[in-house]
Structures are given as structure tokens and as C-alpha cells.
file target_11.cif (mmCIF, C-alpha atoms)
data_upload
#
loop_
_atom_site.group_PDB
_atom_site.id
_atom_site.type_symbol
_atom_site.label_atom_id
_atom_site.label_comp_id
_atom_site.auth_asym_id
_atom_site.auth_seq_id
_atom_site.Cartn_x
_atom_site.Cartn_y
_atom_site.Cartn_z
ATOM 1 C CA MET Q 1 -42.673 -79.474 -17.066
ATOM 2 C CA SER Q 2 -42.376 -77.975 -20.562
ATOM 3 C CA SER Q 3 -39.110 -76.248 -21.599
ATOM 4 C CA CYS Q 4 -40.961 -72.904 -21.728
ATOM 5 C CA ARG Q 5 -42.348 -73.286 -18.208
ATOM 6 C CA MET Q 6 -38.939 -74.517 -16.967
ATOM 7 C CA SER Q 7 -37.229 -71.401 -18.393
ATOM 8 C CA THR Q 8 -39.815 -69.148 -16.745
ATOM 9 C CA TYR Q 9 -39.328 -70.932 -13.441
ATOM 10 C CA LEU Q 10 -35.534 -70.597 -13.631
ATOM 11 C CA LEU Q 11 -35.852 -66.896 -14.403
ATOM 12 C CA TYR Q 12 -38.109 -66.537 -11.369
ATOM 13 C CA LEU Q 13 -35.545 -68.280 -9.150
ATOM 14 C CA ILE Q 14 -32.744 -66.068 -10.483
ATOM 15 C CA ALA Q 15 -34.807 -62.920 -9.930
ATOM 16 C CA SER Q 16 -35.711 -64.024 -6.400
ATOM 17 C CA ASN Q 17 -32.058 -64.688 -5.586
ATOM 18 C CA LEU Q 18 -31.015 -61.274 -6.894
ATOM 19 C CA GLU Q 19 -33.595 -59.652 -4.653
ATOM 20 C CA THR Q 20 -32.147 -61.385 -1.580
ATOM 21 C CA MET Q 21 -28.593 -60.198 -2.400
ATOM 22 C CA MET Q 22 -28.912 -56.833 -0.703
ATOM 23 C CA LYS Q 23 -26.246 -54.244 -1.425
ATOM 24 C CA LEU Q 24 -23.778 -53.229 1.263
ATOM 25 C CA ILE Q 25 -20.997 -50.642 1.060
ATOM 26 C CA PHE Q 26 -18.075 -51.126 3.445
ATOM 27 C CA HIS Q 27 -15.937 -47.986 3.778
ATOM 28 C CA ILE Q 28 -12.946 -49.354 5.674
ATOM 29 C CA GLY Q 29 -10.601 -46.341 5.990
ATOM 30 C CA LEU Q 30 -7.606 -46.263 6.190
ATOM 31 C CA GLN Q 31 -7.267 -44.226 9.334
ATOM 32 C CA LYS Q 32 -6.002 -40.694 8.653
ATOM 33 C CA THR Q 33 -7.469 -40.599 5.143
ATOM 34 C CA GLY Q 34 -10.351 -38.238 5.887
ATOM 35 C CA THR Q 35 -12.634 -40.903 7.355
ATOM 36 C CA SER Q 36 -14.014 -38.519 10.002
ATOM 37 C CA SER Q 37 -14.944 -35.984 7.310
ATOM 38 C CA ILE Q 38 -16.694 -38.678 5.268
ATOM 39 C CA GLN Q 39 -18.551 -39.964 8.332
ATOM 40 C CA HIS Q 40 -19.605 -36.430 9.311
ATOM 41 C CA PHE Q 41 -20.871 -35.867 5.763
ATOM 42 C CA LEU Q 42 -22.851 -39.118 5.717
ATOM 43 C CA HIS Q 43 -24.251 -38.582 9.204
ATOM 44 C CA HIS Q 44 -25.576 -35.097 8.417
ATOM 45 C CA ASN Q 45 -26.936 -35.897 4.944
ATOM 46 C CA ARG Q 46 -29.255 -38.818 5.683
ATOM 47 C CA ASP Q 47 -32.242 -37.381 3.805
ATOM 48 C CA ALA Q 48 -30.198 -36.653 0.690
ATOM 49 C CA LEU Q 49 -28.697 -40.142 0.863
ATOM 50 C CA LEU Q 50 -32.149 -41.725 1.119
ATOM 51 C CA ALA Q 51 -33.213 -39.849 -2.001
ATOM 52 C CA ASP Q 52 -30.237 -41.410 -3.778
ATOM 53 C CA GLY Q 53 -31.110 -44.918 -2.603
ATOM 54 C CA LEU Q 54 -28.601 -45.068 0.249
ATOM 55 C CA ILE Q 55 -28.987 -45.405 4.009
ATOM 56 C CA TYR Q 56 -26.413 -44.657 6.704
ATOM 57 C CA PRO Q 57 -27.733 -46.391 9.839
ATOM 58 C CA ARG Q 58 -27.333 -45.155 13.392
ATOM 59 C CA LEU Q 59 -26.493 -47.683 16.081
ATOM 60 C CA THR Q 60 -29.979 -47.183 17.509
ATOM 61 C CA ASP Q 61 -31.474 -48.385 14.211
ATOM 62 C CA PHE Q 62 -30.480 -51.940 15.137
ATOM 63 C CA SER Q 63 -29.289 -51.911 18.777
ATOM 64 C CA ASN Q 64 -29.725 -50.246 22.155
ATOM 65 C CA VAL Q 65 -26.191 -48.837 22.048
ATOM 66 C CA HIS Q 66 -25.778 -45.058 22.063
ATOM 67 C CA PHE Q 67 -22.646 -43.176 21.060
ATOM 68 C CA SER Q 68 -22.414 -39.409 20.870
ATOM 69 C CA GLY Q 69 -19.652 -39.170 18.245
ATOM 70 C CA ILE Q 70 -19.896 -39.597 14.471
ATOM 71 C CA SER Q 71 -17.611 -42.640 14.141
ATOM 72 C CA TYR Q 72 -20.130 -45.058 15.632
ATOM 73 C CA HIS Q 73 -19.728 -47.788 13.014
ATOM 74 C CA ASN Q 74 -16.384 -48.535 14.670
ATOM 75 C CA SER Q 75 -18.568 -50.393 17.167
ATOM 76 C CA VAL Q 76 -19.470 -52.770 14.325
ATOM 77 C CA ALA Q 77 -15.782 -53.190 13.514
ATOM 78 C CA ALA Q 78 -15.047 -53.985 17.163
ATOM 79 C CA ALA Q 79 -17.731 -56.675 17.190
ATOM 80 C CA LEU Q 80 -16.341 -58.289 14.012
ATOM 81 C CA SER Q 81 -12.760 -58.431 15.232
ATOM 82 C CA LYS Q 82 -10.427 -59.101 18.137
ATOM 83 C CA ILE Q 83 -8.867 -55.638 18.129
ATOM 84 C CA SER Q 84 -9.002 -53.529 21.264
ATOM 85 C CA SER Q 85 -11.366 -50.598 20.867
ATOM 86 C CA THR Q 86 -12.485 -47.592 22.860
ATOM 87 C CA PHE Q 87 -15.856 -47.730 21.107
ATOM 88 C CA PRO Q 88 -18.817 -49.544 22.709
ATOM 89 C CA LYS Q 89 -18.821 -53.122 21.452
ATOM 90 C CA LEU Q 90 -21.976 -54.604 19.995
ATOM 91 C CA ASP Q 91 -22.971 -58.124 21.030
ATOM 92 C CA GLU Q 92 -23.960 -61.021 18.765
ATOM 93 C CA HIS Q 93 -27.636 -60.106 19.003
ATOM 94 C CA ASP Q 94 -26.866 -56.572 17.792
ATOM 95 C CA ILE Q 95 -24.866 -57.918 14.839
ATOM 96 C CA SER Q 96 -27.722 -60.289 13.969
ATOM 97 C CA SER Q 97 -30.127 -57.344 14.124
ATOM 98 C CA LEU Q 98 -27.851 -55.374 11.801
ATOM 99 C CA LYS Q 99 -27.865 -58.238 9.288
ATOM 100 C CA ILE Q 100 -31.658 -58.284 9.419
ATOM 101 C CA PHE Q 101 -31.707 -54.499 9.010
ATOM 102 C CA ILE Q 102 -29.564 -54.781 5.861
ATOM 103 C CA SER Q 103 -31.590 -57.705 4.496
ATOM 104 C CA GLN Q 104 -34.878 -55.876 4.916
ATOM 105 C CA SER Q 105 -33.620 -52.544 3.603
ATOM 106 C CA LYS Q 106 -34.720 -51.593 0.117
ATOM 107 C CA LYS Q 107 -31.778 -49.216 -0.073
ATOM 108 C CA THR Q 108 -28.040 -49.780 -0.152
ATOM 109 C CA VAL Q 109 -26.595 -49.692 3.368
ATOM 110 C CA ILE Q 110 -23.319 -47.855 4.033
ATOM 111 C CA LEU Q 111 -21.062 -48.819 6.935
ATOM 112 C CA SER Q 112 -18.045 -46.566 7.502
ATOM 113 C CA ALA Q 113 -15.362 -47.357 10.086
ATOM 114 C CA GLU Q 114 -11.622 -46.815 9.945
ATOM 115 C CA ASP Q 115 -11.177 -49.646 12.429
ATOM 116 C CA PHE Q 116 -12.269 -52.117 9.738
ATOM 117 C CA SER Q 117 -8.831 -51.609 8.187
ATOM 118 C CA ARG Q 118 -7.151 -52.725 11.420
ATOM 119 C CA ILE Q 119 -8.748 -56.181 11.283
ATOM 120 C CA LEU Q 120 -6.186 -58.781 10.212
ATOM 121 C CA ASP Q 121 -8.343 -61.891 10.691
ATOM 122 C CA LEU Q 122 -11.347 -61.246 8.451
ATOM 123 C CA GLU Q 123 -13.216 -64.492 9.164
ATOM 124 C CA LYS Q 124 -16.058 -62.739 11.003
ATOM 125 C CA VAL Q 125 -16.281 -60.035 8.353
ATOM 126 C CA ILE Q 126 -16.530 -62.655 5.595
ATOM 127 C CA GLU Q 127 -19.245 -64.492 7.529
ATOM 128 C CA PHE Q 128 -21.124 -61.232 8.101
ATOM 129 C CA THR Q 129 -21.061 -60.153 4.431
ATOM 130 C CA LYS Q 130 -21.454 -63.491 2.656
ATOM 131 C CA GLU Q 131 -25.177 -63.093 1.979
ATOM 132 C CA PHE Q 132 -24.849 -59.519 0.741
ATOM 133 C CA GLU Q 133 -23.606 -58.036 -2.491
ATOM 134 C CA THR Q 134 -20.757 -56.059 -0.949
ATOM 135 C CA THR Q 135 -18.661 -53.180 -2.247
ATOM 136 C CA ILE Q 136 -15.505 -52.234 -0.343
ATOM 137 C CA VAL Q 137 -14.107 -48.706 -0.540
ATOM 138 C CA VAL Q 138 -10.631 -48.010 0.798
ATOM 139 C CA TYR Q 139 -8.318 -45.010 0.649
ATOM 140 C CA LEU Q 140 -4.560 -45.553 0.734
ATOM 141 C CA ARG Q 141 -2.049 -42.952 1.891
ATOM 142 C CA GLU Q 142 1.676 -42.854 1.158
ATOM 143 C CA GLN Q 143 3.331 -44.870 3.909
ATOM 144 C CA THR Q 144 5.711 -42.289 5.409
ATOM 145 C CA ALA Q 145 2.951 -39.682 5.536
ATOM 146 C CA TRP Q 146 0.518 -42.216 7.004
ATOM 147 C CA LEU Q 147 2.894 -43.400 9.735
ATOM 148 C CA GLN Q 148 3.658 -39.853 10.859
ATOM 149 C CA SER Q 149 -0.024 -38.903 10.772
ATOM 150 C CA MET Q 150 -0.953 -41.929 12.891
ATOM 151 C CA TYR Q 151 1.668 -40.926 15.462
ATOM 152 C CA ASN Q 152 0.412 -37.349 15.463
ATOM 153 C CA GLN Q 153 -3.145 -38.589 16.011
ATOM 154 C CA ARG Q 154 -1.958 -40.451 19.111
ATOM 155 C CA ASN Q 155 -0.265 -37.273 20.385
ATOM 156 C CA LYS Q 156 -3.398 -35.258 19.676
ATOM 157 C CA ILE Q 157 -5.445 -37.699 21.777
ATOM 158 C CA LEU Q 158 -2.934 -37.342 24.608
ATOM 159 C CA LEU Q 159 -3.320 -33.552 24.403
ATOM 160 C CA GLU Q 160 -7.123 -33.740 24.454
ATOM 161 C CA ARG Q 161 -6.933 -35.993 27.526
ATOM 162 C CA ASN Q 162 -4.512 -33.623 29.276
ATOM 163 C CA SER Q 163 -2.187 -36.597 29.539
ATOM 164 C CA GLU Q 164 1.236 -36.245 31.112
ATOM 165 C CA ASP Q 165 2.512 -38.816 28.600
ATOM 166 C CA LEU Q 166 3.116 -35.791 26.366
ATOM 167 C CA PHE Q 167 6.135 -35.051 28.547
ATOM 168 C CA ASP Q 168 7.768 -38.410 27.852
ATOM 169 C CA GLU Q 169 11.333 -38.070 26.592
ATOM 170 C CA SER Q 170 10.671 -40.260 23.526
ATOM 171 C CA LEU Q 171 8.057 -37.871 22.118
ATOM 172 C CA PHE Q 172 8.990 -36.339 18.735
ATOM 173 C CA THR Q 173 11.676 -38.966 18.158
ATOM 174 C CA GLN Q 174 11.720 -41.502 15.347
ATOM 175 C CA GLU Q 175 12.289 -44.205 17.946
ATOM 176 C CA GLY Q 176 9.169 -43.101 19.827
ATOM 177 C CA MET Q 177 7.128 -43.110 16.634
ATOM 178 C CA PHE Q 178 8.211 -46.587 15.569
ATOM 179 C CA SER Q 179 7.632 -47.916 19.081
ATOM 180 C CA PHE Q 180 4.036 -46.634 18.892
ATOM 181 C CA ILE Q 181 3.551 -48.133 15.411
ATOM 182 C CA LYS Q 182 4.885 -51.494 16.576
ATOM 183 C CA GLU Q 183 2.745 -51.557 19.717
ATOM 184 C CA GLY Q 184 -0.363 -50.761 17.670
ATOM 185 C CA ASN Q 185 0.511 -53.477 15.110
ATOM 186 C CA PHE Q 186 -0.006 -51.003 12.276
ATOM 187 C CA MET Q 187 2.810 -52.217 10.004
ATOM 188 C CA PRO Q 188 0.725 -55.001 8.321
ATOM 189 C CA ILE Q 189 -1.625 -52.296 7.053
ATOM 190 C CA THR Q 190 1.226 -50.551 5.212
ATOM 191 C CA ARG Q 191 1.939 -53.597 3.059
ATOM 192 C CA PHE Q 192 -0.817 -52.630 0.676
ATOM 193 C CA ASP Q 193 -0.559 -55.649 -1.635
ATOM 194 C CA GLU Q 194 -1.189 -58.096 1.210
ATOM 195 C CA PHE Q 195 -3.747 -55.789 2.799
ATOM 196 C CA LEU Q 196 -5.815 -55.538 -0.392
ATOM 197 C CA TYR Q 197 -5.490 -59.257 -1.076
ATOM 198 C CA ARG Q 198 -7.018 -60.010 2.346
ATOM 199 C CA TRP Q 199 -9.953 -57.699 1.663
ATOM 200 C CA SER Q 200 -10.489 -59.103 -1.841
ATOM 201 C CA LYS Q 201 -11.516 -62.306 -0.064
ATOM 202 C CA VAL Q 202 -14.383 -60.385 1.520
ATOM 203 C CA SER Q 203 -15.559 -59.066 -1.849
ATOM 204 C CA PRO Q 204 -14.099 -58.886 -5.359
ATOM 205 C CA ASP Q 205 -15.697 -55.432 -5.710
ATOM 206 C CA LEU Q 206 -12.763 -53.628 -4.113
ATOM 207 C CA ARG Q 207 -12.623 -49.937 -4.996
ATOM 208 C CA VAL Q 208 -9.177 -48.598 -4.183
ATOM 209 C CA ARG Q 209 -8.682 -44.843 -4.004
ATOM 210 C CA LEU Q 210 -5.676 -42.705 -3.110
ATOM 211 C CA PHE Q 211 -5.638 -40.051 -0.416
ATOM 212 C CA SER Q 212 -3.756 -37.577 -2.555
ATOM 213 C CA LYS Q 213 -4.983 -34.332 -4.100
ATOM 214 C CA ALA Q 214 -3.481 -35.399 -7.429
ATOM 215 C CA ASP Q 215 -5.712 -38.488 -7.471
ATOM 216 C CA LEU Q 216 -8.902 -37.325 -5.738
ATOM 217 C CA MET Q 217 -11.693 -36.243 -8.068
ATOM 218 C CA ASP Q 218 -11.196 -32.476 -8.489
ATOM 219 C CA GLY Q 219 -8.908 -32.704 -5.453
ATOM 220 C CA ASP Q 220 -12.022 -33.146 -3.261
ATOM 221 C CA LEU Q 221 -12.320 -36.135 -0.906
ATOM 222 C CA ILE Q 222 -16.098 -36.003 -0.447
ATOM 223 C CA LYS Q 223 -16.768 -35.673 -4.155
ATOM 224 C CA ASP Q 224 -14.355 -38.536 -4.805
ATOM 225 C CA PHE Q 225 -15.987 -40.812 -2.233
ATOM 226 C CA MET Q 226 -19.533 -40.116 -3.390
ATOM 227 C CA HIS Q 227 -18.559 -40.624 -7.030
ATOM 228 C CA THR Q 228 -16.933 -43.937 -6.048
ATOM 229 C CA ILE Q 229 -20.207 -45.192 -4.529
ATOM 230 C CA GLY Q 230 -22.251 -43.972 -7.497
ATOM 231 C CA VAL Q 231 -23.522 -40.504 -6.493
ATOM 232 C CA HIS Q 232 -22.472 -37.901 -9.048
ATOM 233 C CA ARG Q 233 -24.481 -34.830 -8.038
ATOM 234 C CA LEU Q 234 -24.159 -33.258 -4.607
ATOM 235 C CA ASP Q 235 -26.460 -30.247 -5.019
ATOM 236 C CA ALA Q 236 -28.811 -31.482 -2.276
ATOM 237 C CA TYR Q 237 -26.000 -32.276 0.161
ATOM 238 C CA THR Q 238 -24.565 -30.142 2.965
ATOM 239 C CA PRO Q 239 -20.752 -29.839 2.721
ATOM 240 C CA ALA Q 240 -18.610 -31.430 5.413
ATOM 241 C CA PRO Q 241 -16.535 -29.181 7.678
ATOM 242 C CA GLN Q 242 -12.831 -29.639 8.344
ATOM 243 C CA ILE Q 243 -12.633 -31.923 11.377
ATOM 244 C CA ASN Q 244 -10.089 -34.092 13.159
ATOM 245 C CA GLU Q 245 -7.216 -31.887 12.047
ATOM 246 C CA ASN Q 246 -3.684 -32.465 13.269
ATOM 247 C CA VAL Q 247 -1.902 -30.786 16.164
ATOM 248 C CA ALA Q 248 1.412 -29.129 15.335
ATOM 249 C CA ASN Q 249 4.566 -30.448 16.938
ATOM 250 C CA GLY Q 250 5.445 -26.852 17.803
ATOM 251 C CA TRP Q 251 2.497 -26.533 20.203
ATOM 252 C CA LEU Q 252 3.462 -29.761 21.949
ATOM 253 C CA ALA Q 253 7.083 -28.636 22.124
ATOM 254 C CA PHE Q 254 5.845 -25.392 23.704
ATOM 255 C CA LEU Q 255 4.156 -27.365 26.497
ATOM 256 C CA ARG Q 256 7.292 -29.405 27.052
ATOM 257 C CA ARG Q 257 9.349 -26.218 27.308
ATOM 258 C CA ILE Q 258 7.005 -24.859 29.987
ATOM 259 C CA ASP Q 259 7.359 -28.173 31.817
ATOM 260 C CA ALA Q 260 11.147 -27.911 31.711
ATOM 261 C CA GLU Q 261 11.339 -24.239 32.675
ATOM 262 C CA GLN Q 262 8.360 -23.685 35.003
ATOM 263 C CA GLY Q 263 7.403 -27.120 36.272
ATOM 264 C CA ARG Q 264 4.669 -29.697 35.735
ATOM 265 C CA ASP Q 265 1.843 -27.714 37.349
ATOM 266 C CA ALA Q 266 2.429 -24.795 34.983
ATOM 267 C CA ALA Q 267 2.593 -27.182 32.020
ATOM 268 C CA ARG Q 268 -0.684 -28.835 33.040
ATOM 269 C CA GLY Q 269 -2.361 -25.430 33.273
ATOM 270 C CA ALA Q 270 -1.053 -24.428 29.846
ATOM 271 C CA MET Q 271 -2.309 -27.721 28.391
ATOM 272 C CA ARG Q 272 -5.818 -27.167 29.758
ATOM 273 C CA ALA Q 273 -5.835 -23.591 28.450
ATOM 274 C CA MET Q 274 -4.664 -24.730 25.026
ATOM 275 C CA ASN Q 275 -7.441 -27.316 24.821
ATOM 276 C CA ASP Q 276 -10.090 -24.797 25.927
ATOM 277 C CA LEU Q 277 -8.963 -22.157 23.432
ATOM 278 C CA SER Q 278 -8.718 -24.686 20.616
ATOM 279 C CA ARG Q 279 -12.218 -26.073 21.259
ATOM 280 C CA ALA Q 280 -13.574 -22.506 21.361
ATOM 281 C CA GLY Q 281 -11.989 -21.789 17.999
ATOM 282 C CA GLU Q 282 -9.874 -18.972 19.440
ATOM 283 C CA ILE Q 283 -6.600 -20.575 18.405
ATOM 284 C CA SER Q 284 -5.613 -23.128 15.757
ATOM 285 C CA VAL Q 285 -3.200 -25.826 16.848
ATOM 286 C CA THR Q 286 -2.691 -27.314 13.378
ATOM 287 C CA GLY Q 287 0.660 -27.221 11.624
ATOM 288 C CA ASN Q 288 3.778 -29.242 10.916
ATOM 289 C CA THR Q 289 3.704 -32.822 12.220
ATOM 290 C CA GLY Q 290 6.855 -34.226 10.644
ATOM 291 C CA ILE Q 291 8.964 -36.670 12.657
ATOM 292 C CA LEU Q 292 11.021 -38.489 10.004
ATOM 293 C CA ASN Q 293 14.105 -36.886 8.466
ATOM 294 C CA GLU Q 294 14.798 -37.026 4.719
ATOM 295 C CA LYS Q 295 17.129 -39.999 5.037
ATOM 296 C CA ALA Q 296 14.533 -42.031 6.940
ATOM 297 C CA ILE Q 297 11.805 -41.119 4.467
ATOM 298 C CA ALA Q 298 13.955 -42.193 1.509
ATOM 299 C CA HIS Q 299 14.827 -45.469 3.260
ATOM 300 C CA ILE Q 300 11.205 -46.313 4.068
ATOM 301 C CA ARG Q 301 9.994 -45.434 0.568
ATOM 302 C CA ALA Q 302 12.641 -47.712 -0.919
ATOM 303 C CA GLN Q 303 11.343 -50.554 1.273
ATOM 304 C CA TYR Q 304 7.820 -50.116 -0.098
ATOM 305 C CA ALA Q 305 8.764 -49.404 -3.722
ATOM 306 C CA ASP Q 306 8.053 -52.878 -5.103
ATOM 307 C CA ILE Q 307 4.853 -53.262 -3.080
ATOM 308 C CA ASN Q 308 3.510 -49.923 -4.269
ATOM 309 C CA LYS Q 309 4.451 -50.652 -7.863
ATOM 310 C CA ARG Q 310 2.486 -53.916 -7.801
ATOM 311 C CA VAL Q 311 -0.568 -52.159 -6.371
ATOM 312 C CA ALA Q 312 -0.236 -49.312 -8.883
ATOM 313 C CA LEU Q 313 -0.152 -51.733 -11.813
ATOM 314 C CA GLN Q 314 -3.026 -53.863 -10.531
ATOM 315 C CA TYR Q 315 -5.450 -51.121 -9.554
ATOM 316 C CA PHE Q 316 -4.405 -48.074 -11.554
ATOM 317 C CA GLY Q 317 -2.557 -49.421 -14.576
ATOM 318 C CA ARG Q 318 0.568 -47.353 -13.953
ATOM 319 C CA ASP Q 319 4.044 -47.797 -12.437
ATOM 320 C CA THR Q 320 3.820 -45.244 -9.654
ATOM 321 C CA LEU Q 321 1.216 -45.438 -6.893
ATOM 322 C CA PHE Q 322 1.646 -42.015 -5.261
ATOM 323 C CA ARG Q 323 2.388 -39.080 -7.553
#

call {"tool": "encode", "arguments": {"input": "target_11.cif", "output": "C-alpha cells"}}
result
Amino acid sequence: MSSCRMSTYLLYLIASNLETMMKLIFHIGLQKTGTSSIQHFLHHNRDALLADGLIYPRLTDFSNVHFSGISYHNSVAAALSKISSTFPKLDEHDISSLKIFISQSKKTVILSAEDFSRILDLEKVIEFTKEFETTIVVYLREQTAWLQSMYNQRNKILLERNSEDLFDESLFTQEGMFSFIKEGNFMPITRFDEFLYRWSKVSPDLRVRLFSKADLMDGDLIKDFMHTIGVHRLDAYTPAPQINENVANGWLAFLRRIDAEQGRDAARGAMRAMNDLSRAGEISVTGNTGILNEKAIAHIRAQYADINKRVALQYFGRDTLFR
């Protein structure tokens, strides 16, 4: 074969290989960094995304699994991990179908699931993504704020379930919060240097963003996320509403006071009424969620100072991670 024909053949092989390396965007959270808002935005803007060369698949696009909420890609995370999950778990056939769906797509596929960030053993994730050109997007949140927000999310779920666990004596205590964090094995996530190193093994294209108004593009999470994945104009997109907001400690303390003064039946009735009024939009239950005192916050921040400095230097070229 002549050198000219050989060069043409090699170029053909390179071009063919590039075509098989489909693009995949993994939005992995963290939890409590606006993931629900991003997922709501993606879910309700499919047509606009398609026009920009992106596709946000439903579970029914590659499986027989149905889920009524917007965080359905957590089912993919559950299938690629050993973590316990309340989301329906996809089987191996579903995951194979998803890989085929991505391979055959002429558009970049977006998968968004906060539960991806909870996966410590990424072997299955690496195996799943190895044939795709993968971009990973992750939002980090200052550790003391993140820990308290995670605890508040648990308490909010208890409220929505009308759970009597809200009347446990440990609620609203630092000991109760750290017990929850330990049981959920969330601490490894807060060591951001190790966390990001693990995910860099999945893909070197790791786009680290900060869940902080000072660092979000124009202080806007959706604009920041879309800019990060390459979409710079949102004229054709429908804005995302405020969803998955917190529940103020004061409202929960109010229920506990009713329990103490009027009994459990009265407290249960007040809890049901609060949920009904909140869902109807007649009251807002958002507000202060702080658990840690100033001394505890200062102590925890000191523990993470070196970790955060390393991450700040590596990904942002500065000494301070959270401003």
C-alpha cells in the first residue's frame, strides 16, 4: 500500500473511531446543590435541548421502568452501585439498553443524578462509561452548610411522611445530626480532594463548580450549569421553579411543642395539616435550618482547610475554595 493510501486509510480509521466515541454528560450532584432544580429544568426543556444537540432521556426511552418524579436518573445510579436507594433499580438488561441508546444517539446524552456522588466504588461506573467520551459536572458546597442541609433534607422527608421520628429527642441536636451523617456514610463525600480524585478516574474531563452565589455565573445555578455544558443562550428555555426547598427548624419545633403540651394525636393532626397547607401553597415552611453553633462551624472548617485549599488551587487557581 502506498504511503498516500496508507495515510488516507489511517485518517479513515481515526474518523471512524471518533464517531464511535459518543458524548455523555454525567451530572453527579452533590446532593443539596440544586440538583432537583437542574433536573426539573432539563426534564421540561427537552425540545430546546434537542435543538442544542442534547438529549435528556426518560427511563422509558431504554427500559420498562416508570417513575413519576423528576429525579429518575437516580435509578441508573442505583444500578451502577451498591448503595441503598428508594428509587426503582434498573437491571443489567436496562443498563445495556441505555448503553445502546447512548451509542446510537447522534446527540450528547445527559444523565443527572445526585446519587452518583454517593458511589464510593466506581468500578461499574468506569465500565459503563469507558466507550464514551464522558464529561462529569459536579457542584461542591461548603462542608458545614452541606452537612446541615443534608440533615434538614432528612427531617423534611420525615415531615412529608408524617413520621413520628420527628419527635425523637435527638432531633435538632448536633449529636443527632452527626449520627445521621455517620449512618448515611456521607463523610467521604466531604473530603473533596479524594472525592474528585476518584471521579477523575472515570473521566479526566471533570468540571468542578461551586454552589455559591459568588461563584455561580451571574449568581444563577441554571445559567451556570448550562454554560458549563456548552449552552450559552437560554432564550428558548422555560425557567425552572424553586423546588425542594428546606423546612425551617421552627416549624418542626412547633410540632414538637404541640406533642409535649397536647399529646401525640394533636401533634399528628398538626403535622398532616401543615403538609396539606404547604402542598397547597397556603403556607411556606422554609426558613432557618441551622444546627451547628459557631464554635462547631469554626472547628469543622479548620478540619477541611487544607483539603479545600488543595482543591481551590487545582481547580480554580486560588487559595480559598469558598468565598

call {"tool": "residues_around", "arguments": {"input": "target_11.cif", "residues": "region 185-188 of chain Q", "least_positions_apart": "4", "cutoff": "12 Å", "atoms": "all atoms listed in the file", "output": "PyMOL selection string"}}
result
chain Q and resi 30-31+83-84+115+117-121+143-144+146-148+150-151+177-181+192-196+198+300+304

call {"tool": "atom_distance", "arguments": {"input": "target_11.cif", "atom1": "CA of Ser97 (chain Q)", "atom2": "CA of Ile28 (chain Q)"}}
result
20.7 Å

call {"tool": "closest_residue", "arguments": {"input": "target_11.cif", "among": "Q:Asp259, Q:Glu123, Q:Asp224, Q:Glu131", "to": "Leu166 (chain Q)", "atoms": "only C-alpha atoms"}}
result
Q:Asp259

call {"tool": "atom_distance", "arguments": {"input": "target_11.cif", "atom1": "CA of Asp52 (chain Q)", "atom2": "CA of Pro204 (chain Q)"}}
result
23.8 Å

call {"tool": "atom_distance", "arguments": {"input": "target_11.cif", "atom1": "CA of His299 (chain Q)", "atom2": "CA of Trp199 (chain Q)"}}
result
27.7 Å

call {"tool": "closest_residue", "arguments": {"input": "target_11.cif", "among": "Q:Asn288, Q:Thr320, Q:Asn249, Q:Asn162", "to": "Arg272 (chain Q)", "atoms": "only C-alpha atoms"}}
result
Q:Asn162

call {"tool": "resolve_selection", "arguments": {"input": "target_11.cif", "expression": "the PyMOL selection byres ((chain Q and resi 314) around 12)", "output": "ChimeraX atom specification"}}
result
/Q:192-193,196-197,206-208,307-313,315-321

call {"tool": "residues_around", "arguments": {"input": "target_11.cif", "residues": "Ser75 (chain Q)", "least_positions_apart": "4", "cutoff": "12 Å", "atoms": "only C-alpha atoms", "output": "VMD selection string"}}
result
chain Q and resid 58 to 60 63 65 to 67 69 to 71 79 to 91 94 to 95 98 111 to 116

call {"tool": "resolve_selection", "arguments": {"input": "target_11.cif", "expression": "the PyMOL selection byres ((chain Q and resi 133) around 9)", "output": "MDAnalysis selection string"}}
result
chainID Q and resid 21:25 129:132 134:135 203 205

call {"tool": "closest_residue", "arguments": {"input": "target_11.cif", "among": "Q:His27, Q:Lys295, Q:His73, Q:Lys32", "to": "Gln153 (chain Q)", "atoms": "all atoms listed in the file"}}
result
Q:Lys32

call {"tool": "build_atoms", "arguments": {"input": "target_11.cif", "residues": "region 262-273 of chain Q", "atoms": "N, CA and C atoms", "output": "PDB file, in the coordinates of the input"}}
result
ATOM      1  N   GLN Q 262       9.218 -24.190  33.938  1.00  0.00           N
ATOM      2  CA  GLN Q 262       8.360 -23.685  35.003  1.00  0.00           C
ATOM      3  C   GLN Q 262       7.763 -24.791  35.876  1.00  0.00           C
ATOM      4  N   GLY Q 263       7.912 -26.023  35.458  1.00  0.00           N
ATOM      5  CA  GLY Q 263       7.403 -27.120  36.272  1.00  0.00           C
ATOM      6  C   GLY Q 263       6.129 -27.739  35.714  1.00  0.00           C
ATOM      7  N   ARG Q 264       5.797 -28.910  36.258  1.00  0.00           N
ATOM      8  CA  ARG Q 264       4.669 -29.697  35.735  1.00  0.00           C
ATOM      9  C   ARG Q 264       3.326 -29.013  35.957  1.00  0.00           C
ATOM     10  N   ASP Q 265       3.127 -28.369  37.101  1.00  0.00           N
ATOM     11  CA  ASP Q 265       1.843 -27.714  37.349  1.00  0.00           C
ATOM     12  C   ASP Q 265       1.569 -26.626  36.308  1.00  0.00           C
ATOM     13  N   ALA Q 266       2.585 -25.845  35.992  1.00  0.00           N
ATOM     14  CA  ALA Q 266       2.429 -24.795  34.983  1.00  0.00           C
ATOM     15  C   ALA Q 266       2.143 -25.406  33.616  1.00  0.00           C
ATOM     16  N   ALA Q 267       2.803 -26.515  33.307  1.00  0.00           N
ATOM     17  CA  ALA Q 267       2.593 -27.182  32.020  1.00  0.00           C
ATOM     18  C   ALA Q 267       1.180 -27.747  31.922  1.00  0.00           C
ATOM     19  N   ARG Q 268       0.698 -28.330  33.038  1.00  0.00           N
ATOM     20  CA  ARG Q 268      -0.684 -28.835  33.040  1.00  0.00           C
ATOM     21  C   ARG Q 268      -1.671 -27.699  32.805  1.00  0.00           C
ATOM     22  N   GLY Q 269      -1.471 -26.570  33.456  1.00  0.00           N
ATOM     23  CA  GLY Q 269      -2.361 -25.430  33.273  1.00  0.00           C
ATOM     24  C   GLY Q 269      -2.340 -24.924  31.847  1.00  0.00           C
ATOM     25  N   ALA Q 270      -1.162 -24.863  31.237  1.00  0.00           N
ATOM     26  CA  ALA Q 270      -1.053 -24.428  29.846  1.00  0.00           C
ATOM     27  C   ALA Q 270      -1.743 -25.408  28.908  1.00  0.00           C
ATOM     28  N   MET Q 271      -1.662 -26.699  29.210  1.00  0.00           N
ATOM     29  CA  MET Q 271      -2.309 -27.721  28.391  1.00  0.00           C
ATOM     30  C   MET Q 271      -3.829 -27.561  28.429  1.00  0.00           C
ATOM     31  N   ARG Q 272      -4.367 -27.357  29.636  1.00  0.00           N
ATOM     32  CA  ARG Q 272      -5.818 -27.167  29.758  1.00  0.00           C
ATOM     33  C   ARG Q 272      -6.255 -25.915  29.009  1.00  0.00           C
ATOM     34  N   ALA Q 273      -5.492 -24.843  29.133  1.00  0.00           N
ATOM     35  CA  ALA Q 273      -5.835 -23.591  28.450  1.00  0.00           C
ATOM     36  C   ALA Q 273      -5.784 -23.772  26.939  1.00  0.00           C
TER      37      ALA Q 273
END
